[in-house]
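Visitor: My structure is in my_file_11.txt, and what it holds is compact mmCIF, C-alpha atoms:
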# COMPACT_ATOMS: atom_id res chain seq x y z
CA MET A 842 -6.64 20.51 72.78
CA ALA A 843 -5.72 20.73 69.10
CA ARG A 844 -9.05 22.29 68.25
CA ASP A 845 -8.60 24.81 71.07
CA GLU A 846 -5.21 25.80 69.78
CA SER A 847 -6.39 26.25 66.21
CA LYS A 848 -9.30 28.30 67.49
CA THR A 849 -7.09 30.58 69.47
CA SER A 850 -4.59 30.97 66.67
CA LEU A 851 -7.42 31.72 64.23
CA SER A 852 -8.90 34.28 66.49
CA GLY A 853 -5.42 35.66 67.00
CA ASN A 854 -4.94 35.89 63.26
CA PHE A 855 -8.34 37.39 62.87
CA MET A 856 -7.63 39.92 65.59
CA LYS A 857 -4.33 40.78 64.00
CA ARG A 858 -5.95 41.45 60.67
CA SER A 859 -8.65 43.62 62.13
CA ALA A 860 -6.09 45.42 64.20
CA LEU A 861 -4.08 46.11 61.06
CA ARG A 862 -7.17 47.31 59.29
CA ILE A 863 -8.08 49.67 62.12
CA GLU A 864 -4.56 50.99 62.18
CA LYS A 865 -4.60 51.60 58.45
CA GLU A 866 -7.86 53.49 58.68
CA LYS A 867 -6.52 55.55 61.50
CA SER A 868 -3.35 56.49 59.66
CA GLU A 869 -5.41 57.46 56.64
CA GLU A 870 -7.56 59.67 58.79
CA GLU A 871 -4.50 61.25 60.27
CA ARG A 872 -3.06 61.89 56.87
CA LYS A 873 -6.20 63.76 55.95
CA LEU A 874 -5.96 65.74 59.14
CA ILE A 875 -2.40 66.85 58.51
CA ILE A 876 -2.55 70.44 57.48
CA ASP A 877 0.08 71.74 55.18
CA ASP A 878 2.37 74.50 56.31
CA GLU A 879 0.51 77.21 54.48
CA HIS A 880 -2.22 77.14 57.09
CA TRP A 881 0.17 78.42 59.71
CA VAL A 882 1.90 81.16 57.80
CA LEU A 883 0.75 84.69 58.51
CA ASP A 884 0.71 86.95 55.54
CA LEU A 885 3.07 89.52 57.01
CA PRO A 886 6.10 91.31 55.60
CA LYS A 887 9.33 89.42 56.31
CA ILE A 888 11.32 90.39 59.36
CA GLU A 889 14.76 91.23 58.15
CA GLY A 890 17.34 89.58 60.33
CA LYS A 891 20.37 91.82 60.60
CA GLU A 892 23.72 90.14 60.88
CA SER A 893 24.96 90.58 64.41
CA LYS A 894 28.12 92.56 64.99
CA TYR A 895 28.97 90.43 67.98
CA VAL A 896 29.99 86.89 68.71
CA ILE A 897 29.07 85.50 72.12
CA GLU A 898 31.79 83.45 73.78
CA SER A 899 30.62 82.07 77.09
CA SER A 900 33.86 80.36 78.08
CA ILE A 901 36.33 82.51 79.98
CA ALA A 902 39.02 79.91 79.39
CA ARG A 903 38.97 80.77 75.72
CA CYS A 904 38.89 84.51 76.39
CA GLU A 905 41.91 84.42 78.64
CA ASN A 906 43.95 81.67 76.96
CA LEU A 907 44.31 79.55 80.05
CA LEU A 908 46.79 76.71 80.38
CA PHE A 909 45.93 73.03 80.52
CA GLY A 910 44.35 72.21 83.89
CA ARG A 911 46.59 69.30 84.84
CA MET A 912 50.19 69.83 85.83
CA SER A 913 52.88 67.69 87.31
CA PHE A 914 56.39 68.68 88.35
CA GLN A 915 59.61 66.75 88.85
CA GLY A 916 58.19 63.46 87.62
CA CYS A 917 55.26 63.23 90.00
CA ASN A 918 52.97 61.89 87.28
CA PRO A 919 54.87 61.12 84.05
CA GLU A 920 51.66 60.72 82.05
CA VAL A 921 50.56 64.24 82.89
CA GLU A 922 54.02 65.63 82.21
CA LYS A 923 53.86 64.17 78.72
CA LEU A 924 50.48 65.83 78.16
CA MET A 925 51.80 69.13 79.53
CA LYS A 926 54.71 69.05 77.12
CA LEU A 927 52.38 68.35 74.19
CA HIS A 928 50.07 71.15 75.23
CA ASN A 929 52.86 73.67 75.78
CA ASN A 930 54.41 72.82 72.42
CA GLN A 931 51.05 73.43 70.78
CA LEU A 932 50.73 76.79 72.54
CA ALA A 933 54.24 77.79 71.48
CA LEU A 934 53.50 76.78 67.89
CA ASP A 935 50.29 78.78 67.84
CA GLU A 936 52.08 81.80 69.24
CA ALA A 937 54.86 81.49 66.68
CA GLU A 938 52.35 81.20 63.87
CA ARG A 939 50.50 84.26 65.07
CA LYS A 940 53.72 86.26 65.22
CA GLU A 941 54.74 85.06 61.80
CA ASN A 942 51.40 86.12 60.38
CA GLU A 943 51.86 89.55 61.88
CA ASN A 944 55.38 90.02 60.60
CA SER A 945 55.30 88.36 57.22
CA VAL A 946 53.93 89.90 54.04
CA ASN A 947 50.44 88.85 53.04
CA ASP A 948 49.49 87.07 49.85
CA GLN A 949 48.56 90.17 47.91
CA GLU A 950 51.81 91.97 48.65
CA MET A 951 53.66 88.83 47.72
CA ALA A 952 51.85 88.60 44.39
CA GLU A 953 52.50 92.25 43.57
CA ARG A 954 56.15 91.95 44.38
CA TYR A 955 56.53 88.81 42.35
CA SER A 956 54.75 90.21 39.34
CA THR A 957 57.55 92.80 39.00
CA LEU A 958 60.17 90.20 39.69
CA VAL A 959 58.92 87.81 37.02
CA GLY A 960 60.73 89.63 34.21
CA THR A 961 64.15 89.53 35.82
CA MET A 962 63.72 85.98 37.00
CA ALA A 963 62.61 84.86 33.55
CA LYS A 964 65.78 86.28 32.03
CA LYS A 965 67.89 84.43 34.53
CA PHE A 966 66.15 81.15 33.87
CA SER A 967 65.95 81.47 30.11
CA LYS A 968 69.74 81.42 29.84
CA LYS A 969 69.94 78.37 32.01
CA ARG A 970 67.16 76.63 30.17
CA ASP A 971 68.81 77.38 26.83
CA ARG A 972 71.97 75.85 28.14
CA THR A 973 70.22 72.79 29.49
CA SER A 974 68.15 72.32 26.34
CA VAL A 975 71.35 72.34 24.32
CA GLU A 976 72.83 69.76 26.61
CA MET A 977 69.69 67.64 26.40
CA SER A 978 69.70 67.62 22.62
CA GLN A 979 73.35 66.61 22.65
CA GLN A 980 72.60 63.72 25.00
CA GLU A 981 69.58 62.65 23.01
CA ALA A 982 71.37 62.58 19.70
CA PRO A 983 73.57 59.50 20.31
CA THR A 984 70.74 57.48 21.93
CA SER A 985 68.50 58.01 18.93
CA ASN A 986 71.32 56.76 16.72
CA ILE A 987 71.55 53.51 18.63
CA MET B 1195 36.25 102.14 74.33
CA THR B 1196 39.88 101.61 75.21
CA ASP B 1197 39.58 104.24 77.95
CA HIS B 1198 36.96 102.12 79.71
CA VAL B 1199 39.00 98.93 79.80
CA GLY B 1200 40.10 98.22 83.36
CA LYS B 1201 37.28 100.25 84.92
CA VAL B 1202 34.50 98.89 87.13
CA PHE B 1203 31.11 98.29 85.55
CA LEU B 1204 27.80 97.41 87.17
CA PRO B 1205 24.93 95.37 85.73
CA GLY B 1206 22.86 97.51 83.39
CA ASP B 1207 25.72 99.73 82.23
CA LYS B 1208 25.97 100.05 78.48
CA LEU B 1209 29.12 99.68 76.41
CA GLU B 1210 29.83 101.49 73.18
CA ASN B 1211 32.50 101.63 70.51
CA LEU B 1212 33.97 98.20 70.99
CA ASN B 1213 36.94 97.42 68.78
CA VAL B 1214 36.07 94.98 66.03
CA SER B 1215 38.39 92.68 64.15
CA GLU B 1216 39.54 93.91 60.77
CA LYS B 1217 38.71 90.73 58.91
CA THR B 1218 35.23 89.89 60.16
CA SER B 1219 34.27 93.29 61.63
CA LYS B 1220 32.94 91.54 64.71
CA ALA B 1221 33.64 91.84 68.41
CA ILE B 1222 33.73 88.88 70.78
CA LEU B 1223 31.70 89.23 73.96
CA GLY B 1224 32.86 87.07 76.83
CA PRO B 1225 31.14 86.30 80.13
CA GLY B 1226 29.40 89.23 81.82
CA LEU B 1227 28.43 91.00 78.62
CA ARG B 1228 25.09 90.57 76.97
CA GLN B 1229 23.64 91.80 73.74
CA GLU B 1230 20.20 93.42 73.96
CA ALA B 1231 19.11 94.25 70.43
CA GLU B 1232 21.77 96.73 69.30
CA GLU B 1233 23.19 97.55 72.72
CA ILE B 1234 25.82 95.79 74.76
CA VAL B 1235 24.76 95.58 78.39
CA VAL B 1236 26.88 94.54 81.34
CA SER B 1237 25.31 91.69 83.31
CA LYS B 1238 27.86 91.13 86.09
CA PRO B 1239 29.56 93.62 88.40
CA GLY B 1240 33.26 93.68 87.71
CA VAL B 1241 36.18 95.05 85.77
CA LEU B 1242 36.05 95.27 81.99
CA ARG B 1243 38.87 93.32 80.41
CA HIS B 1244 40.03 93.44 76.83
CA LYS B 1245 42.34 91.29 74.80
CA GLU B 1246 43.65 92.24 71.40
CA PRO B 1247 42.17 92.49 68.93
CA ASN B 1248 38.49 92.24 69.77
CA ILE B 1249 37.73 90.18 72.89
CA TYR B 1250 35.90 91.80 75.81
CA TRP B 1251 34.70 90.32 79.07
CA ILE B 1252 33.89 91.23 82.66
CA ASP B 1253 36.21 89.95 85.35
CA SER B 1254 34.39 89.59 88.65
CA HIS B 1255 35.04 87.90 91.95
CA GLN B 1256 32.88 84.84 92.04
CA LYS B 1257 32.52 81.70 94.09
CA ARG B 1258 29.37 80.23 92.58
CA TYR B 1259 30.09 78.14 89.52
CA VAL B 1260 27.78 78.41 86.53
CA PRO B 1261 28.45 75.58 84.08
CA VAL B 1262 29.85 76.69 80.74
CA ARG B 1263 30.32 74.51 77.70
CA SER B 1264 33.86 73.19 77.13
CA ASP B 1265 35.06 74.05 80.66
CA SER B 1266 37.19 71.41 82.35
CA VAL B 1267 35.94 70.79 85.87
CA ILE B 1268 36.60 68.54 88.84
CA GLY B 1269 33.50 66.67 89.94
CA VAL B 1270 32.64 64.25 92.71
CA VAL B 1271 30.74 61.15 91.63
CA SER B 1272 27.77 61.07 93.97
CA ALA B 1273 25.47 58.40 92.55
CA LYS B 1274 25.21 55.72 89.95
CA ALA B 1275 21.91 55.85 88.08
CA GLY B 1276 21.63 53.12 85.46
CA ASP B 1277 24.08 54.00 82.72
CA VAL B 1278 24.96 57.50 83.92
CA PHE B 1279 26.80 58.79 86.93
CA ARG B 1280 25.52 61.82 88.82
CA VAL B 1281 28.43 64.15 89.35
CA ASP B 1282 28.56 67.15 91.66
CA ILE B 1283 30.43 69.94 89.88
CA GLY B 1284 29.38 72.74 92.20
CA GLY B 1285 26.71 74.12 89.90
CA SER B 1286 23.03 74.51 90.68
CA GLU B 1287 22.32 71.04 89.36
CA MET B 1288 24.09 67.70 89.31
CA ALA B 1289 25.80 66.92 86.03
CA SER B 1290 25.40 63.58 84.28
CA LEU B 1291 28.32 61.54 83.01
CA SER B 1292 27.64 58.55 80.80
CA TYR B 1293 29.70 55.43 81.48
CA LEU B 1294 30.36 55.22 77.74
CA SER B 1295 32.19 58.54 77.67
CA PHE B 1296 35.40 57.19 79.15
CA GLU B 1297 38.43 56.12 77.16
CA GLY B 1298 38.14 52.51 76.03
CA ALA B 1299 34.68 52.00 77.54
CA THR B 1300 32.16 49.84 75.73
CA LYS B 1301 28.79 48.43 76.74
CA ARG B 1302 30.53 45.33 78.05
CA ASN B 1303 33.66 46.93 79.37
CA ARG B 1304 32.45 49.39 81.96
CA PRO B 1305 34.89 51.92 83.38
CA ASP B 1306 35.99 51.48 86.95
CA VAL B 1307 34.26 54.44 88.61
CA LYS B 1308 32.86 54.31 92.11
CA VAL B 1309 30.70 56.64 94.12
CA GLY B 1310 32.99 59.15 95.85
CA ASP B 1311 35.61 59.21 93.09
CA LEU B 1312 36.91 62.46 91.69
CA VAL B 1313 36.64 62.94 87.95
CA TYR B 1314 38.30 65.55 85.80
CA ALA B 1315 35.84 66.05 82.97
CA LYS B 1316 34.82 68.45 80.25
CA LEU B 1317 31.35 69.95 79.94
CA LEU B 1318 29.68 68.86 76.74
CA VAL B 1319 26.28 70.40 77.40
CA ALA B 1320 25.86 73.46 79.58
CA ASN B 1321 22.59 75.17 79.05
CA LYS B 1322 20.49 77.12 81.50
CA ASP B 1323 17.47 75.00 80.70
CA MET B 1324 19.13 71.59 80.66
CA GLU B 1325 21.07 69.29 82.90
CA PRO B 1326 24.81 69.72 82.35
CA GLU B 1327 26.51 66.76 80.72
CA LEU B 1328 30.13 65.73 81.19
CA VAL B 1329 32.51 63.66 79.12
CA CYS B 1330 35.93 62.21 79.92
CA ILE B 1331 37.12 61.85 76.32
CA ASP B 1332 37.95 64.27 73.53
CA SER B 1333 36.41 64.20 70.07
CA ALA B 1334 38.95 61.58 68.98
CA GLY B 1335 37.92 59.25 71.80
CA ARG B 1336 41.15 59.65 73.78
CA SER B 1337 41.19 60.61 77.44
CA SER B 1338 43.83 63.40 77.06
CA GLY B 1339 44.17 63.87 80.79
CA LEU B 1340 40.48 63.54 81.61
CA GLY B 1341 39.07 60.76 83.75
CA VAL B 1342 39.17 59.53 87.33
CA ILE B 1343 41.81 61.27 89.43
CA GLY B 1344 42.99 61.08 92.99
CA ARG B 1345 42.84 57.32 93.58
CA ASP B 1346 46.30 57.43 95.15
CA GLY B 1347 45.95 60.15 97.76
CA GLY B 1348 45.94 63.89 97.25
CA PHE B 1349 43.59 66.54 98.55
CA LEU B 1350 40.63 68.38 97.05
CA HIS B 1351 40.30 72.03 97.93
CA SER B 1352 37.66 74.58 96.93
CA CYS B 1353 38.55 78.18 96.22
CA SER B 1354 37.14 81.14 94.32
CA LEU B 1355 36.76 80.89 90.56
CA ASN B 1356 39.17 83.79 90.11
CA LEU B 1357 41.95 81.96 91.86
CA THR B 1358 41.72 78.96 89.51
CA ARG B 1359 41.80 81.33 86.56
CA LYS B 1360 44.74 83.21 88.02
CA ILE B 1361 46.95 80.19 88.59
CA LEU B 1362 46.14 78.85 85.13
CA SER B 1363 46.89 82.09 83.31
CA SER B 1364 50.14 81.97 81.40
CA ASP B 1365 51.66 84.96 83.18
CA CYS B 1366 51.25 83.61 86.70
CA PRO B 1367 54.57 82.12 87.86
CA LEU B 1368 53.21 80.38 90.96
CA LEU B 1369 52.80 76.75 89.89
CA LYS B 1370 56.01 76.72 87.87
CA GLN B 1371 58.05 78.20 90.70
CA LEU B 1372 56.60 75.74 93.21
CA GLY B 1373 57.39 72.96 90.74
CA LYS B 1374 61.03 73.98 90.67
CA SER B 1375 61.44 73.46 94.40
CA THR B 1376 59.22 70.47 95.07
CA HIS B 1377 57.73 67.40 93.47
CA TYR B 1378 53.94 67.66 93.16
CA GLU B 1379 50.92 67.24 90.94
CA ILE B 1380 47.95 69.56 90.59
CA THR B 1381 44.65 69.44 88.75
CA THR B 1382 42.67 72.64 88.43
CA GLY B 1383 38.99 72.69 87.56
CA MET B 1384 37.34 75.82 86.25
CA ASN B 1385 34.63 75.27 88.87
CA GLY B 1386 36.91 76.49 91.64
CA ARG B 1387 38.31 73.15 92.73
CA LEU B 1388 41.94 72.21 93.09
CA TRP B 1389 43.28 68.74 93.64
CA VAL B 1390 46.88 68.59 94.84
CA ARG B 1391 49.12 65.63 95.53
CA ALA B 1392 52.65 65.97 96.90
CA ARG B 1393 55.11 63.62 98.55
CA THR B 1394 53.72 64.07 102.04
CA VAL B 1395 50.51 65.40 103.54
CA LEU B 1396 52.44 68.28 105.06
CA LEU B 1397 53.77 69.31 101.65
CA THR B 1398 50.30 69.06 100.12
CA ILE B 1399 48.92 71.38 102.77
CA THR B 1400 51.82 73.79 102.28
CA ILE B 1401 51.19 73.97 98.55
CA ILE B 1402 47.47 74.56 99.01
CA ASN B 1403 48.17 77.29 101.55
CA ALA B 1404 50.60 78.93 99.15
CA ILE B 1405 48.01 78.89 96.37
CA GLU B 1406 45.32 80.31 98.68
CA ALA B 1407 47.68 83.05 99.85
CA SER B 1408 48.56 84.04 96.30
CA GLU B 1409 45.03 85.12 95.33
CA PHE B 1410 45.65 88.84 95.82
CA MET B 1411 49.43 88.88 95.38
CA SER B 1412 51.35 90.50 92.57
CA ASN B 1413 53.80 88.43 90.56
CA GLN B 1414 56.77 89.83 92.49
CA GLN B 1415 55.18 88.93 95.79
CA ILE B 1416 54.50 85.43 94.46
CA MET B 1417 58.13 85.05 93.42
CA ALA B 1418 59.29 86.18 96.87
CA MET B 1419 56.96 83.73 98.58
CA CYS B 1420 58.10 80.87 96.34
CA LYS B 1421 61.72 81.68 97.14
CA ARG B 1422 61.05 81.58 100.89
CA LEU B 1423 59.19 78.28 100.46
CA ALA B 1424 62.02 76.81 98.39
CA ASP B 1425 64.46 77.71 101.17
CA ALA B 1426 62.19 76.08 103.72
CA PHE B 1427 61.92 72.91 101.61
CA THR B 1428 65.68 72.57 101.23
CA GLU B 1429 66.21 73.19 104.96
CA LYS B 1430 63.76 70.42 105.76
CA ASP B 1431 65.42 68.01 103.37
Starting from the file, give its structure as structure tokens.
Guide:
Amino acid sequence: MARDESKTSLSGNFMKRSALRIEKEKSEEERKLIIDDEHWVLDLPKIEGKESKYVIESSIARCENLLFGRMSFQGCNPEVEKLMKLHNNQLALDEAERKENENSVNDQEMAERYSTLVGTMAKKFSKKRDRTSVEMSQQEAPTSNI
Amino acid sequence: MTDHVGKVFLPGDKLENLNVSEKTSKAILGPGLRQEAEEIVVSKPGVLRHKEPNIYWIDSHQKRYVPVRSDSVIGVVSAKAGDVFRVDIGGSEMASLSYLSFEGATKRNRPDVKVGDLVYAKLLVANKDMEPELVCIDSAGRSSGLGVIGRDGGFLHSCSLNLTRKILSSDCPLLKQLGKSTHYEITTGMNGRLWVRARTVLLTITIINAIEASEFMSNQQIMAMCKRLADAFTEKD
């Protein structure tokens, strides 16, 4: 029995090794066979891809701004009513933001306006700062003495 | 192009001079419009719609649902196949819904979904060459209203795709007005399916009939109908 087992295990080991060897040879062969990309490139002038003027949007829900699909009224399903409220608030916020963007001045206008304002504002603040700096020095004086 | 908005177009018609956005100088083409090289070709018969600043699409009467990514649909679970459910969403092919794409589901903790259940799910994959795939969670892993619906009664009704879009549009007063006069719950799938649950079967049927009748009504007509219904509800109570 023992001899049988050792025999089988040996042959198993032997088989394993040979199997490994065969596999290694195969992979080496394959590596040789692998052709680098250059083989497949045609020597043609590049096709210039123009940037498309259009964006494809396949969902009509996004085109039309549809509401959330689940609704509940007068407490029929409190969970859904909570979701509805959340969703509606989000919609209202988005709408408000959009309106604000339309109405408010943009960054560049803001910067231009402020650049002219800087002078007047600086004057206003310089007086204050002078005053505060005087106060600060007065406060600091006694502490340094102690 | 603004003069063509609201007019009827047939497949093969070409569109020109679409408004583009100021920032990106691009126009957004919705369903029914296709880009062929440099031309914009209409691919569905219908009315050209436009939304400021640069969105265009074709609005057509349609009953056949074609799955579109990120649509929320109502499906019927029709089979369990290993770790996915086969769900009928009314498209040309069954959609697959993995049991792991439910809120709180793990490999051990399977969601309680049976054949015949209704699910409200979002389309994650919708491609003409591939099987559509549904999920019942959002990107954060929460259900956010998706999942099995209709365990406690209610009624599923099929209608045209336009009607579901109409009742979900923000300027349609129908569902809100009905909600003022009666207590009910509705789930609308973009695949032309409505699921309604009200206090009694009679009320559910009334609501569904009202929605069906509103398909070609103007907003004033809808308001008038809702008023008559509200009177009828109070009389009955």
Visitor: Find the distance between CA of Ala1315 in chain B and CA of Thr1358 in chain B and write it in Å to one decimal.
Guide: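 Distance reported for this atom pair: 15.6 Å.
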Visitor: Figure out the distance between CA of Ile1222 in chain B and CA of Arg1243 in chain B, please, to one decimal in Å.
Guide: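 Between these atoms lies a distance of 11.8 Å.
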Visitor: Dump as an NGL selection string the residues of chain B that approach chain A to within 7 Å, counting all atoms listed in the file.
Guide: :B and (1220-1225 or 1249 or 1262-1263 or 1265 or 1339 or 1362-1364 or 1373 or 1377-1383)
Visitor: Taking 2 positions as the minimum chain separation for residues in the same chain, which residues sit within 10 Å of Leu1340 in chain B when counting all atoms listed in the file? Answer as an MDAnalysis selection string.
Guide: (chainID A and resid 910:911) or (chainID B and resid 1266:1268 1296:1297 1313:1316 1329:1332 1336:1338 1342:1343)
Visitor: For a test of reading the model, state the distance in Å between CA of Asp1365 in chain B and CA of Glu1406 in chain B, rounded to one decimal.
Guide: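 CA of Asp1365 in chain B sits 17.4 Å away from CA of Glu1406 in chain B.
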Visitor: So, counting all atoms listed in the file, which residue among B:Arg1359, B:Asp1311, B:Glu1287, B:Thr1394 is closest to Met1324 in chain B?
Guide: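 Closest to Met1324 in chain B, using all atoms listed in the file: B:Glu1287.
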Visitor: Taking (30.2, 66.3, 93.8) in the coordinates of the supplied file, I want to know which residues reach to within 7 Å of it, counting all atoms listed in the file; could you give the answer as a ChimeraX atom specification?
Guide: /B:1269-1272,1281-1284
